[in-house]
2 protein chains.
Amino acid sequence: MSDRLFAAIEERVKWVQDYVLKPEYVNRFQPEDIREAVTCYFESGGKRLRPAVMLFSCGAVGGDEKKAVSAAAAVEIFHTWTLVHDDIIDRDPIRRGNPTVHERFANKPSTKALFKDSAEARHYGISVAVLAGDVQHGWGISLMTELTSKFGLDAEVTLTLINTLDTKILNTLVEGELLDVQYSQVPISELTAKQIETMLWKKTGALYEFAAISGGAIGLNNPNLEDPRVVTLGNFTSACGSAFQLQDDILGIVGNEKMLGKPVGSDIREGKRTLIVHQAYTHANKEERELILETLGNANASTHQVKAVVDLFVKLGGISYTADLARQHVNRALTYLEDVPPSEYRDLLGDWAELMINREF
Amino acid sequence: MSDRLFAAIEERVKWVQDYVLKPEYVNRFQPEDIREAVTCYFESGGKRLRPAVMLFSCGAVGGDEKKAVSAAAAVEIFHTWTLVHDDIIDRDPIRRGNPTVHERFANKPSTKALFKDSAEARHYGISVAVLAGDVQHGWGISLMTELTSKFGLDAEVTLTLINTLDTKILNTLVEGELLDVQYSQVPISELTAKQIETMLWKKTGALYEFAAISGGAIGLNNPNLEDPRVVTLGNFTSACGSAFQLQDDILGIVGNEKMLGKPVGSDIREGKRTLIVHQAYTHANKEERELILETLGNANASTHQVKAVVDLFVKLGGISYTADLARQHVNRALTYLEDVPPSEYRDLLGDWAELMINREF
């Protein structure tokens, strides 16, 4: 992977981090548990791929990236609150190698001192996570308003972006999340690959697309989101978003636990409907199908059983099929990039597209 | 209570209802369970006191109320999502005489068909309610952007209001809600009346204040929220908000269940720290204190026991003290109103202030 890309992302992560982790923002959040919950994911790292692609997109249309920093922070925080709420819904205990927010606040010593009953403490953890996500949602929108109040972007551009983010993008994300929950209860044989792909895109592609569209609109200082330069960047990241999600699913099955920061196999125990599962199941024989069905969505499946299913997913081509498809999405993204005028930003976007499928984290 | 006020509220409820319950909004929400969850509280009524006071405030500064309709809808929807999330946190099963969102979707036939396990169905109900509240939050912000895109308000005014709502107001609401949860675990003898009053104001007064401030700023088409006319209206509704919450606590103890749309006594079983409890406990003798402590926060308290505590709250002056205080807040509000130029809107605001404590619903 390109050192140039990592250096560029690193630099922008620092801009965003320096911008948001200031007392004037952080001290707004009260009481103490809310402040800690609102900032903990943000302080613990994360890939920051959305802020980077937004800033590169801004640069790619000739804009000044520094004027998009509050929006780059906004898109990362917007992403973060959806994770905080999704982790409640998916009952995930671990994220980025640390306890998720609801888990952290269920087990905090001060929580245990306040609630003697462990079910009450767990409910408190969920309450903190619900409210912290709500606060982050508001913080993200507030950072968008700073495009105008602090960086002089035309107010009409800012309002257009806020409206797009909080209706079209948000509704798509939520739809994807609830479909994911519903699909986990539908027999894998009754779902089509198309349904699964669409659901995955809604969960991931929509916000990726927004990151580039908004970067482009900010760079051009123009509220017309149908401008061909903006549309091209949106198509580019939308395709990258699909590749990203497929790679995520691959890493969830055959990735490195330490690099991922979450337990491999949890997708299997949760019964996630991925293209990997769909492809493997389609090509499985009767006994293999039985093993898959017994294990998928079985929270108590043994490590041995999960390992056997992982091996099946590899053997039956679920992994290679999904990896090929992810590659195709990246190739498609790169053809969109040909319409972007040459610049260092276009080169970074090209590297960024490759990162979608070359990453191991 | 004044017929004039009810007619005026009724008319404005219709404007708001007609504005938001249009297919162009409602069809945005997918899948079906999200659409139903997002719109069900809104369709089932509610007092709509916030939209009314926003529109009256707009009129009181000489503005055209019709240009504030999307903001009036926004403030109601913003209030609604905080209820949806609070109901999860407070585990309330009933709201406005109907099941709360998480309860409704735990028990829907389609949910029971999807999840065999009842704990899974309950978790699904919570998931739908978390996501529906998120969508409503976004919908509210999107409606605020329409102040400019549909009604021509200066974009700077709209951005200022969005920023205020999604930081200052939201953070205050969330702080109040989490303090309420934390206080329910603190012995009543260790809380001061001041702490309880501040928590109550954060939960209710802040959004009331915003309704009037934004109505004033929209009416004046001016982003200066420190304009004395705007500040006066904010102070007026802030005081009314305190009175409203105190009356809410009174009705929760001695109100009429049917008019309230929720079970009387649930505040006692939930262990809510209200001024009523605080005042009664302060004046109780040893045996009375024991009865209060045994019952408060005891989810399994008998109807008989709850009734005995209600009688104690009356006898020990908890109700009358709180009612007096609510009256004082309304009187204070009315003195602010003297600084508003005479008009039919000022008269309506005066009636509206009295409604805070004369209402039985």
# chains A, B, ... in the order shown; residues from 1 in each chain; ligands from 1

call {"tool": "residues_around", "arguments": {"residues": "Glu294 (chain A)", "least_positions_apart": "6", "cutoff": "12 Å", "atoms": "only C-alpha atoms", "output": "JSON, numbers by chain"}}
result
{"A": [187, 268, 269, 271, 287, 288, 300, 301, 302, 305, 306, 308, 309]}

call {"tool": "write_last_selection", "arguments": {"atoms": "C-alpha atoms", "output": "CSV table (one decimal), in the first residue's frame"}}
result
chain,number,residue,atom,x,y,z
A,187,PRO,CA,-33.6,-18.3,5.8
A,268,ILE,CA,-21.2,-16.1,11.9
A,269,ARG,CA,-22.6,-16.3,15.4
A,271,GLY,CA,-26.1,-14.8,11.6
A,287,GLU,CA,-24.5,-31.9,4.7
A,288,GLU,CA,-22.6,-28.7,4.2
A,300,ASN,CA,-23.5,-20.6,21.4
A,301,ALA,CA,-21.7,-22.2,18.4
A,302,SER,CA,-18.4,-23.7,19.5
A,305,GLN,CA,-17.9,-25.4,14.7
A,306,VAL,CA,-17.3,-21.8,13.6
A,308,ALA,CA,-15.5,-25.6,10.2
A,309,VAL,CA,-17.9,-23.1,8.7

call {"tool": "select_by_dssp", "arguments": {"residues": "region 38-159 of chain B", "states": "strand (DSSP E or B)", "output": "mmCIF file with C-alpha atoms, in the first residue's frame"}}
result
data_model
loop_
_atom_site.group_PDB
_atom_site.id
_atom_site.type_symbol
_atom_site.label_atom_id
_atom_site.label_comp_id
_atom_site.auth_asym_id
_atom_site.auth_seq_id
_atom_site.Cartn_x
_atom_site.Cartn_y
_atom_site.Cartn_z
ATOM 1 C CA ILE B 94 -47.622 3.588 27.559
ATOM 2 C CA ARG B 95 -47.583 7.082 26.071
ATOM 3 C CA ASN B 98 -51.059 3.959 23.322
ATOM 4 C CA PRO B 99 -48.123 1.579 23.549
#

call {"tool": "residues_around", "arguments": {"residues": "Ala280 (chain A)", "least_positions_apart": "5", "cutoff": "12 Å", "atoms": "only C-alpha atoms", "output": "list in words"}}
result
Ile188, Ser189, Ala193, Arg273, Thr274, Leu275, Asn285, Glu288, Arg289, Leu291, Ile292, Leu293, Val309, Val310, Asp311, Leu312, Phe313, Val314, Lys315, Leu316, Gly317, Gly318, Ile319, Ser320, Tyr321 and Thr322 of chain A

call {"tool": "atom_distance", "arguments": {"atom1": "CA of Met259 (chain B)", "atom2": "CA of Ala211 (chain B)"}}
result
25.0 Å

call {"tool": "closest_atom_pairs", "arguments": {"of": "chain B", "to": "chain A", "cutoff": "8 Å", "atoms": "only C-alpha atoms", "output": "JSON lines"}}
result
{"residue": "B:Arg28", "atom": "CA", "partner": "A:Asn171", "partner_atom": "CA", "distance": 7.1}
{"residue": "B:Phe29", "atom": "CA", "partner": "A:Asn171", "partner_atom": "CA", "distance": 6.3}
{"residue": "B:Gln30", "atom": "CA", "partner": "A:Glu175", "partner_atom": "CA", "distance": 5.5}
{"residue": "B:Pro31", "atom": "CA", "partner": "A:Glu175", "partner_atom": "CA", "distance": 5.9}
{"residue": "B:Ile34", "atom": "CA", "partner": "A:Glu175", "partner_atom": "CA", "distance": 7.7}
{"residue": "B:His85", "atom": "CA", "partner": "A:Val130", "partner_atom": "CA", "distance": 7.3}
{"residue": "B:Ile88", "atom": "CA", "partner": "A:Ser127", "partner_atom": "CA", "distance": 7.8}
{"residue": "B:Ile89", "atom": "CA", "partner": "A:Ser127", "partner_atom": "CA", "distance": 5.4}
{"residue": "B:Leu114", "atom": "CA", "partner": "A:Gln185", "partner_atom": "CA", "distance": 6.2}
{"residue": "B:Phe115", "atom": "CA", "partner": "A:Gln185", "partner_atom": "CA", "distance": 7.1}
{"residue": "B:His123", "atom": "CA", "partner": "A:Ile89", "partner_atom": "CA", "distance": 7.6}
{"residue": "B:Tyr124", "atom": "CA", "partner": "A:Ile89", "partner_atom": "CA", "distance": 7.9}
{"residue": "B:Ile126", "atom": "CA", "partner": "A:Ile89", "partner_atom": "CA", "distance": 7.9}
{"residue": "B:Ser127", "atom": "CA", "partner": "A:Ile89", "partner_atom": "CA", "distance": 5.4}
{"residue": "B:Val128", "atom": "CA", "partner": "A:Leu178", "partner_atom": "CA", "distance": 7.5}
{"residue": "B:Val130", "atom": "CA", "partner": "A:His85", "partner_atom": "CA", "distance": 7.3}
{"residue": "B:Leu131", "atom": "CA", "partner": "A:Val174", "partner_atom": "CA", "distance": 6.3}
{"residue": "B:Asp134", "atom": "CA", "partner": "A:Asp134", "partner_atom": "CA", "distance": 7.4}
{"residue": "B:Val135", "atom": "CA", "partner": "A:Asn171", "partner_atom": "CA", "distance": 6.4}
{"residue": "B:Gly138", "atom": "CA", "partner": "A:Asp166", "partner_atom": "CA", "distance": 4.4}
{"residue": "B:Trp139", "atom": "CA", "partner": "A:Thr167", "partner_atom": "CA", "distance": 6.2}
{"residue": "B:Ile141", "atom": "CA", "partner": "A:Asp166", "partner_atom": "CA", "distance": 6.9}
{"residue": "B:Ser142", "atom": "CA", "partner": "A:Asn163", "partner_atom": "CA", "distance": 4.9}
{"residue": "B:Thr145", "atom": "CA", "partner": "A:Leu159", "partner_atom": "CA", "distance": 6.0}
{"residue": "B:Ala155", "atom": "CA", "partner": "A:Ala155", "partner_atom": "CA", "distance": 5.7}
{"residue": "B:Glu156", "atom": "CA", "partner": "A:Ala155", "partner_atom": "CA", "distance": 6.5}
{"residue": "B:Leu159", "atom": "CA", "partner": "A:Thr145", "partner_atom": "CA", "distance": 6.0}
{"residue": "B:Thr160", "atom": "CA", "partner": "A:Thr145", "partner_atom": "CA", "distance": 7.9}
{"residue": "B:Ile162", "atom": "CA", "partner": "A:Ser142", "partner_atom": "CA", "distance": 7.3}
{"residue": "B:Asn163", "atom": "CA", "partner": "A:Ser142", "partner_atom": "CA", "distance": 4.9}
{"residue": "B:Asp166", "atom": "CA", "partner": "A:Gly138", "partner_atom": "CA", "distance": 4.4}
{"residue": "B:Thr167", "atom": "CA", "partner": "A:Gly138", "partner_atom": "CA", "distance": 6.0}
{"residue": "B:Lys168", "atom": "CA", "partner": "A:Arg28", "partner_atom": "CA", "distance": 7.8}
{"residue": "B:Leu170", "atom": "CA", "partner": "A:Val135", "partner_atom": "CA", "distance": 6.8}
{"residue": "B:Asn171", "atom": "CA", "partner": "A:Phe29", "partner_atom": "CA", "distance": 6.3}
{"residue": "B:Thr172", "atom": "CA", "partner": "A:Gln30", "partner_atom": "CA", "distance": 7.9}
{"residue": "B:Val174", "atom": "CA", "partner": "A:Leu131", "partner_atom": "CA", "distance": 6.3}
{"residue": "B:Glu175", "atom": "CA", "partner": "A:Gln30", "partner_atom": "CA", "distance": 5.5}
{"residue": "B:Leu178", "atom": "CA", "partner": "A:Val128", "partner_atom": "CA", "distance": 7.5}
{"residue": "B:Leu179", "atom": "CA", "partner": "A:Pro31", "partner_atom": "CA", "distance": 7.4}
{"residue": "B:Gln182", "atom": "CA", "partner": "A:Leu114", "partner_atom": "CA", "distance": 7.6}
{"residue": "B:Gln185", "atom": "CA", "partner": "A:Leu114", "partner_atom": "CA", "distance": 6.2}
{"residue": "B:Val186", "atom": "CA", "partner": "A:Leu114", "partner_atom": "CA", "distance": 7.8}

call {"tool": "select_by_dssp", "arguments": {"residues": "region 70-267 of chain B", "states": "helix (DSSP H, G or I)", "output": "PyMOL selection string"}}
result
chain B and resi 70-90+101-107+109-114+118-149+155-183+188-190+193-220+228-254+257-260+266-267

call {"tool": "closest_residue", "arguments": {"among": "A:Lys150, A:Asp64, A:Thr39, A:Glu120", "to": "Val84 (chain A)", "atoms": "only C-alpha atoms"}}
result
A:Thr39

call {"tool": "atom_distance", "arguments": {"atom1": "CA of Asn224 (chain B)", "atom2": "CA of Pro51 (chain B)"}}
result
20.9 Å

call {"tool": "atom_distance", "arguments": {"atom1": "CA of Ala212 (chain A)", "atom2": "CA of Phe56 (chain A)"}}
result
8.2 Å

call {"tool": "residues_around", "arguments": {"residues": "region 13-15 of chain A", "least_positions_apart": "6", "cutoff": "12 Å", "atoms": "only C-alpha atoms", "output": "ChimeraX atom specification"}}
result
/A:6-7,21-22,42-43,45-55,65-73,76

call {"tool": "residues_around", "arguments": {"residues": "Asp339 (chain B)", "least_positions_apart": "2", "cutoff": "12 Å", "atoms": "only C-alpha atoms", "output": "list in words"}}
result
Ala60, Val61, Pro228, Arg229, Val230, Val231, Thr232, Leu233, Asn235, Phe236, Ala333, Leu334, Thr335, Tyr336, Leu337, Pro341, Pro342, Ser343 and Arg346 of chain B
